[in-house]
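Undergrad: There's a structure below that I have some questions on.
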Amino acid sequence: MVNAPVGIKCPECAKTPRSARASMKPDRAARAVAVAFFGGFAIGWGILLLQGFGLFFALILGYLIGIGMGELVLWGSGRYRSKTTSWVAVGGCVWSYLVPYLLALGVDLGAVANSLSRAPFVVLGAIIACYVAYRRVE
């Protein structure tokens with residue numbers, strides 16, 4: 001016998017039916033990845049414009065990017081919450097922090113060398129963004 005929320009059941013009756021186990025459909029997964037990619041590109045462009053404000057701003061910006069990416073991925077996946085969508089949101093956050101450096105490489109190598117002096121702040125902001133996005137979607 002198996003303890004269940006409604007009492008004691010036999011092992012066969014206590015199993016969750018396949019129809020009750022929800023899974024994300026492939027079109028929703030593709031939309032969540034696309035939203036994370038394009039949303040990360042837009043957020044990365046914003047980071048490029050707002051660079052150079054210091055540690056406190058990097059912490060707040062990381063928190064806001066995590067919330068924004070989490071909500072974007074939730075919207076793209078049809079409000080499906082799982083480890084998969086959480087990792088898609090983390091990937092979107094990492095992408096949003098990589099975009100400014102990729103754009104700066106295309107524009108000016110001096111800008112990349114200048115922004116590497118702020119690398120610890122950027123890494124800390126990225127870690128905060130990834131953590132917040134993961135917890136928001138999970």
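Letters A, B, ... go to the chains of the structure tokens in the order shown; residues in each chain start at 1; ligands are counted from 1 in the same order.
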Can you tell me which residues surround Ser96 of chain A at a distance of at most 6 Å, considering only C-alpha atoms, apart from same-chain residues fewer than 4 positions away, and format the answer as an mmCIF file with N, CA, C and O atoms, in the first residue's frame?
TA:
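File result.cif, as written:
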data_model
loop_
_atom_site.group_PDB
_atom_site.id
_atom_site.type_symbol
_atom_site.label_atom_id
_atom_site.label_comp_id
_atom_site.auth_asym_id
_atom_site.auth_seq_id
_atom_site.Cartn_x
_atom_site.Cartn_y
_atom_site.Cartn_z
ATOM 1 N N GLY A 40 17.546 38.524 -25.455
ATOM 2 C CA GLY A 40 18.919 38.698 -24.991
ATOM 3 C C GLY A 40 19.689 39.669 -25.864
ATOM 4 O O GLY A 40 20.505 40.448 -25.370
ATOM 5 N N PHE A 41 19.419 39.648 -27.164
ATOM 6 C CA PHE A 41 20.075 40.600 -28.059
ATOM 7 C C PHE A 41 19.648 42.029 -27.734
ATOM 8 O O PHE A 41 20.478 42.936 -27.656
ATOM 9 N N ILE A 43 18.397 43.143 -24.841
ATOM 10 C CA ILE A 43 18.918 43.499 -23.521
ATOM 11 C C ILE A 43 20.417 43.784 -23.608
ATOM 12 O O ILE A 43 20.920 44.722 -22.978
ATOM 13 N N GLY A 44 21.137 43.003 -24.396
ATOM 14 C CA GLY A 44 22.565 43.234 -24.579
ATOM 15 C C GLY A 44 22.854 44.574 -25.222
ATOM 16 O O GLY A 44 23.818 45.253 -24.871
#
Undergrad: Give me, as a CSV table (one decimal) with all heavy atoms, in the first residue's frame, all polymer residues having an atom no more than 12 Å from segment 89-93 of chain A, counting only C-alpha atoms and skipping those fewer than 2 positions away in the same chain.
TA:
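The new file part08.csv reads:
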chain,number,residue,atom,x,y,z
A,29,ALA,N,8.7,25.2,-27.1
A,29,ALA,CA,10.2,25.2,-26.8
A,29,ALA,C,10.9,26.0,-27.8
A,29,ALA,O,11.8,26.8,-27.4
A,29,ALA,CB,10.7,23.8,-26.7
A,32,ALA,N,10.3,29.6,-27.0
A,32,ALA,CA,11.0,30.1,-25.8
A,32,ALA,C,12.4,30.4,-26.1
A,32,ALA,O,13.0,31.4,-25.7
A,32,ALA,CB,10.9,29.0,-24.7
A,33,VAL,N,13.1,29.5,-26.9
A,33,VAL,CA,14.5,29.7,-27.3
A,33,VAL,C,14.6,31.0,-28.2
A,33,VAL,O,15.5,31.8,-28.0
A,33,VAL,CB,15.0,28.5,-28.0
A,33,VAL,CG1,16.4,28.7,-28.6
A,33,VAL,CG2,15.1,27.3,-27.0
A,34,ALA,N,13.7,31.1,-29.1
A,34,ALA,CA,13.7,32.3,-30.0
A,34,ALA,C,13.5,33.6,-29.2
A,34,ALA,O,14.2,34.6,-29.4
A,34,ALA,CB,12.7,32.2,-31.1
A,35,VAL,N,12.6,33.6,-28.2
A,35,VAL,CA,12.4,34.8,-27.4
A,35,VAL,C,13.6,35.1,-26.5
A,35,VAL,O,14.0,36.2,-26.4
A,35,VAL,CB,11.1,34.6,-26.5
A,35,VAL,CG1,11.1,35.6,-25.4
A,35,VAL,CG2,9.9,34.6,-27.4
A,36,ALA,N,14.3,34.0,-26.0
A,36,ALA,CA,15.5,34.2,-25.2
A,36,ALA,C,16.6,34.8,-26.1
A,36,ALA,O,17.3,35.7,-25.6
A,36,ALA,CB,15.9,32.9,-24.6
A,37,PHE,N,16.7,34.3,-27.3
A,37,PHE,CA,17.8,34.8,-28.2
A,37,PHE,C,17.5,36.3,-28.6
A,37,PHE,O,18.4,37.1,-28.4
A,37,PHE,CB,17.8,34.0,-29.5
A,37,PHE,CG,18.8,34.4,-30.5
A,37,PHE,CD1,20.2,34.1,-30.3
A,37,PHE,CD2,18.5,35.2,-31.6
A,37,PHE,CE1,21.1,34.5,-31.2
A,37,PHE,CE2,19.4,35.6,-32.5
A,37,PHE,CZ,20.8,35.3,-32.3
A,38,PHE,N,16.4,36.6,-29.1
A,38,PHE,CA,16.1,38.0,-29.5
A,38,PHE,C,16.0,38.9,-28.3
A,38,PHE,O,16.4,40.1,-28.4
A,38,PHE,CB,14.9,38.1,-30.4
A,38,PHE,CG,15.1,37.4,-31.7
A,38,PHE,CD1,14.5,36.2,-32.1
A,38,PHE,CD2,16.0,37.9,-32.6
A,38,PHE,CE1,14.7,35.6,-33.3
A,38,PHE,CE2,16.3,37.4,-33.9
A,38,PHE,CZ,15.6,36.2,-34.2
A,39,GLY,N,15.4,38.5,-27.2
A,39,GLY,CA,15.3,39.3,-26.0
A,39,GLY,C,16.7,39.5,-25.4
A,39,GLY,O,17.0,40.6,-25.0
A,40,GLY,N,17.5,38.5,-25.5
A,40,GLY,CA,18.9,38.7,-25.0
A,40,GLY,C,19.7,39.7,-25.9
A,40,GLY,O,20.5,40.4,-25.4
A,41,PHE,N,19.4,39.6,-27.2
A,41,PHE,CA,20.1,40.6,-28.1
A,41,PHE,C,19.6,42.0,-27.7
A,41,PHE,O,20.5,42.9,-27.7
A,41,PHE,CB,19.7,40.3,-29.5
A,41,PHE,CG,20.5,41.1,-30.5
A,41,PHE,CD1,21.8,40.7,-30.8
A,41,PHE,CD2,20.0,42.2,-31.1
A,41,PHE,CE1,22.6,41.5,-31.7
A,41,PHE,CE2,20.7,42.9,-32.0
A,41,PHE,CZ,22.0,42.6,-32.3
A,42,ALA,N,18.3,42.2,-27.5
A,42,ALA,CA,17.8,43.6,-27.2
A,42,ALA,C,18.4,44.0,-25.8
A,42,ALA,O,18.8,45.2,-25.7
A,42,ALA,CB,16.3,43.6,-27.2
A,43,ILE,N,18.4,43.1,-24.8
A,43,ILE,CA,18.9,43.5,-23.5
A,43,ILE,C,20.4,43.8,-23.6
A,43,ILE,O,20.9,44.7,-23.0
A,43,ILE,CB,18.6,42.4,-22.5
A,43,ILE,CG1,17.1,42.3,-22.2
A,43,ILE,CG2,19.4,42.6,-21.2
A,43,ILE,CD1,16.7,41.1,-21.4
A,44,GLY,N,21.1,43.0,-24.4
A,44,GLY,CA,22.6,43.2,-24.6
A,44,GLY,C,22.9,44.6,-25.2
A,44,GLY,O,23.8,45.3,-24.9
A,47,ILE,N,22.6,47.0,-22.5
A,47,ILE,CA,23.8,47.0,-21.6
A,47,ILE,C,24.9,47.8,-22.3
A,47,ILE,O,25.6,48.5,-21.6
A,47,ILE,CB,24.2,45.5,-21.4
A,47,ILE,CG1,23.2,44.8,-20.5
A,47,ILE,CG2,25.6,45.5,-20.7
A,47,ILE,CD1,23.5,43.3,-20.3
A,61,LEU,N,21.1,46.1,-12.2
A,61,LEU,CA,20.9,45.7,-13.6
A,61,LEU,C,20.8,44.2,-13.8
A,61,LEU,O,20.0,43.7,-14.5
A,61,LEU,CB,22.0,46.3,-14.5
A,61,LEU,CG,21.8,46.2,-16.0
A,61,LEU,CD1,20.5,46.9,-16.4
A,61,LEU,CD2,23.0,46.7,-16.7
A,62,GLY,N,21.7,43.5,-13.1
A,62,GLY,CA,21.7,42.0,-13.1
A,62,GLY,C,20.4,41.5,-12.6
A,62,GLY,O,19.8,40.5,-13.2
A,63,TYR,N,19.9,42.0,-11.5
A,63,TYR,CA,18.6,41.6,-11.0
A,63,TYR,C,17.5,41.9,-12.0
A,63,TYR,O,16.6,41.0,-12.2
A,63,TYR,CB,18.3,42.3,-9.7
A,63,TYR,CG,17.1,41.9,-9.0
A,63,TYR,CD1,17.0,40.7,-8.3
A,63,TYR,CD2,16.0,42.8,-9.0
A,63,TYR,CE1,15.8,40.3,-7.7
A,63,TYR,CE2,14.8,42.4,-8.4
A,63,TYR,CZ,14.7,41.2,-7.7
A,63,TYR,OH,13.5,40.8,-7.1
A,64,LEU,N,17.5,43.0,-12.6
A,64,LEU,CA,16.4,43.4,-13.5
A,64,LEU,C,16.5,42.6,-14.8
A,64,LEU,O,15.4,42.2,-15.3
A,64,LEU,CB,16.5,44.9,-13.8
A,64,LEU,CG,16.2,45.8,-12.7
A,64,LEU,CD1,16.4,47.3,-13.1
A,64,LEU,CD2,14.7,45.6,-12.1
A,65,ILE,N,17.7,42.3,-15.3
A,65,ILE,CA,17.8,41.4,-16.4
A,65,ILE,C,17.3,40.0,-16.1
A,65,ILE,O,16.7,39.4,-17.0
A,65,ILE,CB,19.3,41.4,-16.9
A,65,ILE,CG1,19.6,42.8,-17.5
A,65,ILE,CG2,19.5,40.3,-17.9
A,65,ILE,CD1,21.1,42.9,-17.9
A,66,GLY,N,17.6,39.5,-15.0
A,66,GLY,CA,17.1,38.2,-14.6
A,66,GLY,C,15.6,38.1,-14.6
A,66,GLY,O,15.0,37.2,-15.1
A,67,ILE,N,15.0,39.1,-14.0
A,67,ILE,CA,13.5,39.2,-14.0
A,67,ILE,C,12.9,39.3,-15.4
A,67,ILE,O,12.0,38.5,-15.8
A,67,ILE,CB,13.0,40.3,-13.1
A,67,ILE,CG1,13.3,40.0,-11.6
A,67,ILE,CG2,11.5,40.6,-13.3
A,67,ILE,CD1,13.0,41.2,-10.7
A,68,GLY,N,13.5,40.2,-16.2
A,68,GLY,CA,13.0,40.4,-17.5
A,68,GLY,C,13.2,39.1,-18.4
A,68,GLY,O,12.2,38.7,-19.1
A,69,MET,N,14.3,38.5,-18.3
A,69,MET,CA,14.5,37.3,-19.1
A,69,MET,C,13.7,36.1,-18.7
A,69,MET,O,13.1,35.4,-19.5
A,69,MET,CB,16.0,36.8,-19.1
A,69,MET,CG,16.4,35.7,-20.0
A,69,MET,SD,16.0,36.0,-21.7
A,69,MET,CE,17.1,37.3,-22.1
A,70,GLY,N,13.5,36.0,-17.3
A,70,GLY,CA,12.6,35.0,-16.8
A,70,GLY,C,11.2,35.2,-17.3
A,70,GLY,O,10.5,34.2,-17.8
A,71,GLU,N,10.7,36.4,-17.3
A,71,GLU,CA,9.3,36.7,-17.8
A,71,GLU,C,9.2,36.5,-19.3
A,71,GLU,O,8.2,36.0,-19.8
A,71,GLU,CB,8.9,38.1,-17.4
A,71,GLU,CG,8.6,38.2,-15.9
A,71,GLU,CD,7.5,37.3,-15.4
A,71,GLU,OE1,6.5,37.2,-16.1
A,71,GLU,OE2,7.7,36.7,-14.3
A,72,LEU,N,10.2,36.8,-20.0
A,72,LEU,CA,10.2,36.6,-21.5
A,72,LEU,C,10.1,35.1,-21.8
A,72,LEU,O,9.3,34.7,-22.7
A,72,LEU,CB,11.4,37.2,-22.1
A,72,LEU,CG,11.4,38.7,-22.4
A,72,LEU,CD1,12.8,39.2,-22.9
A,72,LEU,CD2,10.4,39.1,-23.4
A,73,VAL,N,10.9,34.3,-21.2
A,73,VAL,CA,10.9,32.9,-21.4
A,73,VAL,C,9.6,32.3,-21.0
A,73,VAL,O,9.0,31.4,-21.7
A,73,VAL,CB,12.1,32.2,-20.8
A,73,VAL,CG1,12.0,30.7,-20.8
A,73,VAL,CG2,13.4,32.7,-21.5
A,74,LEU,N,9.1,32.7,-19.9
A,74,LEU,CA,7.8,32.2,-19.4
A,74,LEU,C,6.7,32.5,-20.5
A,74,LEU,O,5.8,31.7,-20.8
A,74,LEU,CB,7.4,32.7,-18.1
A,74,LEU,CG,8.0,32.0,-16.9
A,74,LEU,CD1,7.6,32.8,-15.6
A,74,LEU,CD2,7.5,30.6,-16.8
A,75,TRP,N,6.7,33.8,-21.0
A,75,TRP,CA,5.7,34.2,-22.0
A,75,TRP,C,5.9,33.3,-23.2
A,75,TRP,O,4.9,32.9,-23.8
A,75,TRP,CB,5.9,35.7,-22.3
A,75,TRP,CG,5.0,36.1,-23.4
A,75,TRP,CD1,3.7,36.4,-23.3
A,75,TRP,CD2,5.5,36.4,-24.7
A,75,TRP,NE1,3.3,36.8,-24.6
A,75,TRP,CE2,4.3,36.8,-25.4
A,75,TRP,CE3,6.7,36.3,-25.4
A,75,TRP,CZ2,4.4,37.1,-26.8
A,75,TRP,CZ3,6.7,36.6,-26.7
A,75,TRP,CH2,5.6,37.0,-27.4
A,76,GLY,N,7.1,33.1,-23.7
A,76,GLY,CA,7.4,32.4,-24.9
A,76,GLY,C,7.0,30.9,-24.8
A,76,GLY,O,6.6,30.3,-25.7
A,77,SER,N,7.1,30.4,-23.6
A,77,SER,CA,6.8,28.9,-23.4
A,77,SER,C,5.4,28.7,-23.0
A,77,SER,O,5.0,27.6,-22.8
A,77,SER,CB,7.7,28.3,-22.3
A,77,SER,OG,7.4,28.9,-21.1
A,81,ARG,N,6.6,26.0,-16.6
A,81,ARG,CA,7.7,26.1,-15.7
A,81,ARG,C,8.4,24.7,-15.5
A,81,ARG,O,7.7,23.7,-15.2
A,81,ARG,CB,7.2,26.5,-14.3
A,81,ARG,CG,6.7,27.9,-14.3
A,81,ARG,CD,6.2,28.3,-13.0
A,81,ARG,NE,5.6,29.6,-13.0
A,81,ARG,CZ,6.3,30.7,-12.6
A,81,ARG,NH1,7.6,30.6,-12.3
A,81,ARG,NH2,5.8,31.9,-12.7
A,82,SER,N,9.6,24.6,-15.8
A,82,SER,CA,10.4,23.4,-15.6
A,82,SER,C,11.9,23.7,-15.6
A,82,SER,O,12.3,24.9,-15.8
A,82,SER,CB,10.1,22.4,-16.7
A,82,SER,OG,10.7,22.8,-17.9
A,83,LYS,N,12.7,22.7,-15.4
A,83,LYS,CA,14.1,22.9,-15.4
A,83,LYS,C,14.6,23.3,-16.8
A,83,LYS,O,15.5,24.1,-17.0
A,83,LYS,CB,14.9,21.6,-15.0
A,83,LYS,CG,14.5,21.1,-13.6
A,83,LYS,CD,15.6,21.6,-12.7
A,83,LYS,CE,15.3,21.0,-11.3
A,83,LYS,NZ,15.6,21.9,-10.3
A,84,THR,N,13.9,22.8,-17.8
A,84,THR,CA,14.3,23.1,-19.2
A,84,THR,C,14.1,24.6,-19.5
A,84,THR,O,15.0,25.2,-20.0
A,84,THR,CB,13.4,22.3,-20.2
A,84,THR,OG1,13.5,20.9,-19.9
A,84,THR,CG2,13.8,22.5,-21.6
A,85,THR,N,12.9,25.1,-19.1
A,85,THR,CA,12.7,26.5,-19.4
A,85,THR,C,13.6,27.4,-18.5
A,85,THR,O,14.0,28.5,-18.9
A,85,THR,CB,11.2,26.9,-19.2
A,85,THR,OG1,10.8,26.4,-17.9
A,85,THR,CG2,10.4,26.3,-20.3
A,86,SER,N,14.0,26.9,-17.3
A,86,SER,CA,14.9,27.6,-16.5
A,86,SER,C,16.3,27.7,-17.1
A,86,SER,O,16.9,28.8,-17.1
A,86,SER,CB,15.1,26.9,-15.1
A,86,SER,OG,13.8,26.9,-14.4
A,87,TRP,N,16.7,26.7,-17.7
A,87,TRP,CA,18.0,26.7,-18.4
A,87,TRP,C,18.0,27.5,-19.7
A,87,TRP,O,19.0,28.1,-20.1
A,87,TRP,CB,18.6,25.3,-18.6
A,87,TRP,CG,19.1,24.7,-17.4
A,87,TRP,CD1,18.5,23.7,-16.7
A,87,TRP,CD2,20.2,25.1,-16.6
A,87,TRP,NE1,19.2,23.4,-15.5
A,87,TRP,CE2,20.3,24.3,-15.5
A,87,TRP,CE3,21.2,26.1,-16.8
A,87,TRP,CZ2,21.3,24.4,-14.5
A,87,TRP,CZ3,22.2,26.2,-15.8
A,87,TRP,CH2,22.2,25.4,-14.7
A,95,TRP,N,23.6,35.0,-22.9
A,95,TRP,CA,23.7,35.7,-24.3
A,95,TRP,C,23.5,37.2,-24.2
A,95,TRP,O,24.2,37.9,-24.9
A,95,TRP,CB,22.6,35.1,-25.1
A,95,TRP,CG,22.4,35.7,-26.4
A,95,TRP,CD1,21.3,36.4,-26.9
A,95,TRP,CD2,23.3,35.8,-27.5
A,95,TRP,NE1,21.5,36.9,-28.1
A,95,TRP,CE2,22.7,36.5,-28.6
A,95,TRP,CE3,24.6,35.3,-27.7
A,95,TRP,CZ2,23.4,36.8,-29.8
A,95,TRP,CZ3,25.3,35.5,-28.9
A,95,TRP,CH2,24.7,36.3,-29.9
A,96,SER,N,22.7,37.7,-23.3
A,96,SER,CA,22.5,39.1,-23.2
A,96,SER,C,23.8,39.8,-22.6
A,96,SER,O,24.1,40.9,-23.0
A,96,SER,CB,21.3,39.5,-22.3
A,96,SER,OG,21.6,39.1,-20.9
A,97,TYR,N,24.6,39.1,-21.8
A,97,TYR,CA,25.8,39.6,-21.4
A,97,TYR,C,27.0,39.5,-22.4
A,97,TYR,O,28.0,40.2,-22.3
A,97,TYR,CB,26.2,39.0,-20.0
A,97,TYR,CG,25.6,39.8,-18.9
A,97,TYR,CD1,24.4,39.4,-18.4
A,97,TYR,CD2,26.2,40.9,-18.3
A,97,TYR,CE1,23.8,40.0,-17.3
A,97,TYR,CE2,25.6,41.6,-17.3
A,97,TYR,CZ,24.4,41.1,-16.8
A,97,TYR,OH,23.8,41.8,-15.7
A,98,LEU,N,26.8,38.5,-23.3
A,98,LEU,CA,27.9,38.4,-24.4
A,98,LEU,C,27.7,39.3,-25.5
A,98,LEU,O,28.7,39.7,-26.2
A,98,LEU,CB,27.9,36.9,-24.9
A,98,LEU,CG,28.5,35.9,-24.0
A,98,LEU,CD1,28.3,34.5,-24.6
A,98,LEU,CD2,29.9,36.1,-23.7
A,99,VAL,N,26.4,39.7,-25.8
A,99,VAL,CA,26.1,40.5,-27.0
A,99,VAL,C,26.9,41.9,-27.0
A,99,VAL,O,27.5,42.2,-28.0
A,99,VAL,CB,24.6,40.8,-27.1
A,99,VAL,CG1,24.3,41.9,-28.0
A,99,VAL,CG2,23.9,39.6,-27.5
A,122,VAL,N,30.8,43.0,-14.4
A,122,VAL,CA,30.0,42.3,-15.4
A,122,VAL,C,29.7,40.9,-15.0
A,122,VAL,O,28.6,40.4,-15.2
A,122,VAL,CB,30.7,42.5,-16.8
A,122,VAL,CG1,29.9,41.7,-17.8
A,122,VAL,CG2,30.8,43.9,-17.2
A,123,VAL,N,30.8,40.2,-14.6
A,123,VAL,CA,30.6,38.8,-14.2
A,123,VAL,C,29.7,38.6,-13.0
A,123,VAL,O,28.8,37.8,-13.0
A,123,VAL,CB,32.0,38.1,-13.9
A,123,VAL,CG1,31.8,36.8,-13.3
A,123,VAL,CG2,32.8,38.1,-15.2
A,125,GLY,N,27.3,40.8,-12.2
A,125,GLY,CA,25.9,41.1,-12.7
A,125,GLY,C,25.3,39.9,-13.4
A,125,GLY,O,24.2,39.6,-13.3
A,126,ALA,N,26.2,39.2,-14.2
A,126,ALA,CA,25.7,38.0,-15.0
A,126,ALA,C,25.3,36.9,-14.1
A,126,ALA,O,24.3,36.2,-14.3
A,126,ALA,CB,26.8,37.6,-16.0
A,127,ILE,N,26.1,36.7,-13.0
A,127,ILE,CA,25.8,35.6,-12.1
A,127,ILE,C,24.4,35.9,-11.4
A,127,ILE,O,23.6,35.0,-11.3
A,127,ILE,CB,26.9,35.4,-11.1
A,127,ILE,CG1,28.1,34.8,-11.8
A,127,ILE,CG2,26.5,34.6,-9.9
A,127,ILE,CD1,29.4,34.8,-10.9
A,128,ILE,N,24.2,37.1,-11.0
A,128,ILE,CA,23.0,37.5,-10.4
A,128,ILE,C,21.8,37.4,-11.3
A,128,ILE,O,20.8,36.8,-11.0
A,128,ILE,CB,23.1,39.0,-9.8
A,128,ILE,CG1,24.0,39.0,-8.7
A,128,ILE,CG2,21.7,39.5,-9.5
A,128,ILE,CD1,24.3,40.4,-8.2
A,129,ALA,N,22.0,37.8,-12.6
A,129,ALA,CA,20.9,37.7,-13.6
A,129,ALA,C,20.6,36.2,-13.9
A,129,ALA,O,19.4,35.9,-13.9
A,129,ALA,CB,21.4,38.4,-14.9
A,130,CYS,N,21.6,35.4,-14.0
A,130,CYS,CA,21.3,33.9,-14.2
A,130,CYS,C,20.6,33.3,-13.0
A,130,CYS,O,19.6,32.5,-13.2
A,130,CYS,CB,22.6,33.2,-14.5
A,130,CYS,SG,23.4,33.7,-16.1
A,131,TYR,N,21.0,33.6,-11.8
A,131,TYR,CA,20.4,33.1,-10.7
A,131,TYR,C,18.9,33.5,-10.6
A,131,TYR,O,18.0,32.7,-10.3
A,131,TYR,CB,21.1,33.5,-9.4
A,131,TYR,CG,20.4,33.0,-8.1
A,131,TYR,CD1,20.5,31.7,-7.7
A,131,TYR,CD2,19.7,33.9,-7.3
A,131,TYR,CE1,19.9,31.2,-6.6
A,131,TYR,CE2,19.1,33.5,-6.2
A,131,TYR,CZ,19.2,32.1,-5.8
A,131,TYR,OH,18.5,31.7,-4.7
A,132,VAL,N,18.7,34.8,-10.8
A,132,VAL,CA,17.3,35.3,-10.6
A,132,VAL,C,16.4,34.7,-11.7
A,132,VAL,O,15.3,34.3,-11.5
A,132,VAL,CB,17.3,36.9,-10.7
A,132,VAL,CG1,15.9,37.4,-10.8
A,132,VAL,CG2,17.9,37.4,-9.4
A,133,ALA,N,16.9,34.6,-13.0
A,133,ALA,CA,16.1,34.1,-14.1
A,133,ALA,C,15.8,32.6,-13.8
A,133,ALA,O,14.7,32.1,-14.0
A,133,ALA,CB,16.9,34.2,-15.4
A,134,TYR,N,16.8,31.8,-13.3
A,134,TYR,CA,16.6,30.4,-13.0
A,134,TYR,C,15.5,30.2,-12.0
A,134,TYR,O,14.6,29.4,-12.1
A,134,TYR,CB,17.9,29.8,-12.6
A,134,TYR,CG,17.8,28.3,-12.4
A,134,TYR,CD1,17.9,27.4,-13.5
A,134,TYR,CD2,17.5,27.7,-11.1
A,134,TYR,CE1,17.8,26.1,-13.3
A,134,TYR,CE2,17.4,26.4,-11.0
A,134,TYR,CZ,17.6,25.5,-12.1
A,134,TYR,OH,17.4,24.2,-11.9
A,135,ARG,N,15.6,31.0,-10.9
A,135,ARG,CA,14.6,30.9,-9.8
A,135,ARG,C,13.2,31.4,-10.2
A,135,ARG,O,12.2,30.9,-9.7
A,135,ARG,CB,15.1,31.6,-8.6
A,135,ARG,CG,16.4,31.1,-8.0
A,135,ARG,CD,16.3,29.7,-7.5
A,135,ARG,NE,15.3,29.8,-6.4
A,135,ARG,CZ,14.9,28.7,-5.7
A,135,ARG,NH1,15.2,27.5,-6.1
A,135,ARG,NH2,14.0,28.8,-4.8
A,136,ARG,N,13.2,32.4,-11.1
A,136,ARG,CA,11.9,32.9,-11.5
A,136,ARG,C,11.1,31.9,-12.4
A,136,ARG,O,9.9,31.9,-12.3
A,136,ARG,CB,12.2,34.2,-12.3
A,136,ARG,CG,11.0,35.0,-12.7
A,136,ARG,CD,11.0,36.3,-12.0
A,136,ARG,NE,9.9,37.1,-12.4
A,136,ARG,CZ,9.2,37.8,-11.5
A,136,ARG,NH1,9.7,37.9,-10.3
A,136,ARG,NH2,8.2,38.5,-11.9
A,137,VAL,N,11.8,31.2,-13.2
A,137,VAL,CA,11.1,30.3,-14.1
A,137,VAL,C,10.9,28.9,-13.5
A,137,VAL,O,10.0,28.2,-13.9
A,137,VAL,CB,12.0,30.2,-15.5
A,137,VAL,CG1,11.3,29.2,-16.4
A,137,VAL,CG2,12.1,31.6,-16.1
A,138,GLU,N,11.8,28.5,-12.6
A,138,GLU,CA,11.7,27.1,-12.1
A,138,GLU,C,10.4,26.8,-11.5
A,138,GLU,O,9.7,27.5,-10.8
A,138,GLU,CB,12.8,27.0,-11.0
A,138,GLU,CG,12.9,25.6,-10.5
A,138,GLU,CD,14.0,25.4,-9.5
A,138,GLU,OE1,14.2,26.4,-8.7
A,138,GLU,OE2,14.7,24.4,-9.5
Undergrad: From segment 9-71 of chain A, collect each residue whose DSSP state is helix (DSSP H, G or I) and return the set as number ranges by chain.
TA: A: 11-14, 18-20, 26-49, 55-71
Undergrad: Go through A:Pro26, A:Pro120, A:Pro100, A:Met1 and flag the residue nearest Leu50 of chain A, using only C-alpha atoms for the distances.
TA: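 Smallest distance to Leu50 of chain A is found for A:Pro100.
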Undergrad: Can you list, as JSON, numbers by chain, every residue of chain A that DSSP puts in strand (DSSP E)?
TA: {"A": [2, 3, 4, 7, 8, 9]}
Undergrad: Please save C-alpha atoms of the selected residues as a PDB file, in the first residue's frame.
TA:
ATOM      1  CA  VAL A   2       1.095   3.564  -0.738  1.00  0.00           C
ATOM      2  CA  ASN A   3       0.355   6.700   1.256  1.00  0.00           C
ATOM      3  CA  ALA A   4      -1.286   9.333  -0.955  1.00  0.00           C
ATOM      4  CA  GLY A   7      -5.411   8.254   1.860  1.00  0.00           C
ATOM      5  CA  ILE A   8      -3.894   4.840   1.331  1.00  0.00           C
ATOM      6  CA  LYS A   9      -3.961   3.433  -2.213  1.00  0.00           C
TER       7      LYS A   9
END
Undergrad: Would you mind reading off the distance between atom CA of Tyr101 of chain A and atom CA of Phe56 of chain A, one decimal, in Å?
TA: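 Atom CA of Phe56 of chain A lies 20.7 Å from atom CA of Tyr101 of chain A.
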Undergrad: So what do you get for atom CA of Leu103 of chain A versus atom CA of Leu59 of chain A, distance-wise?
TA: 22.2 Å
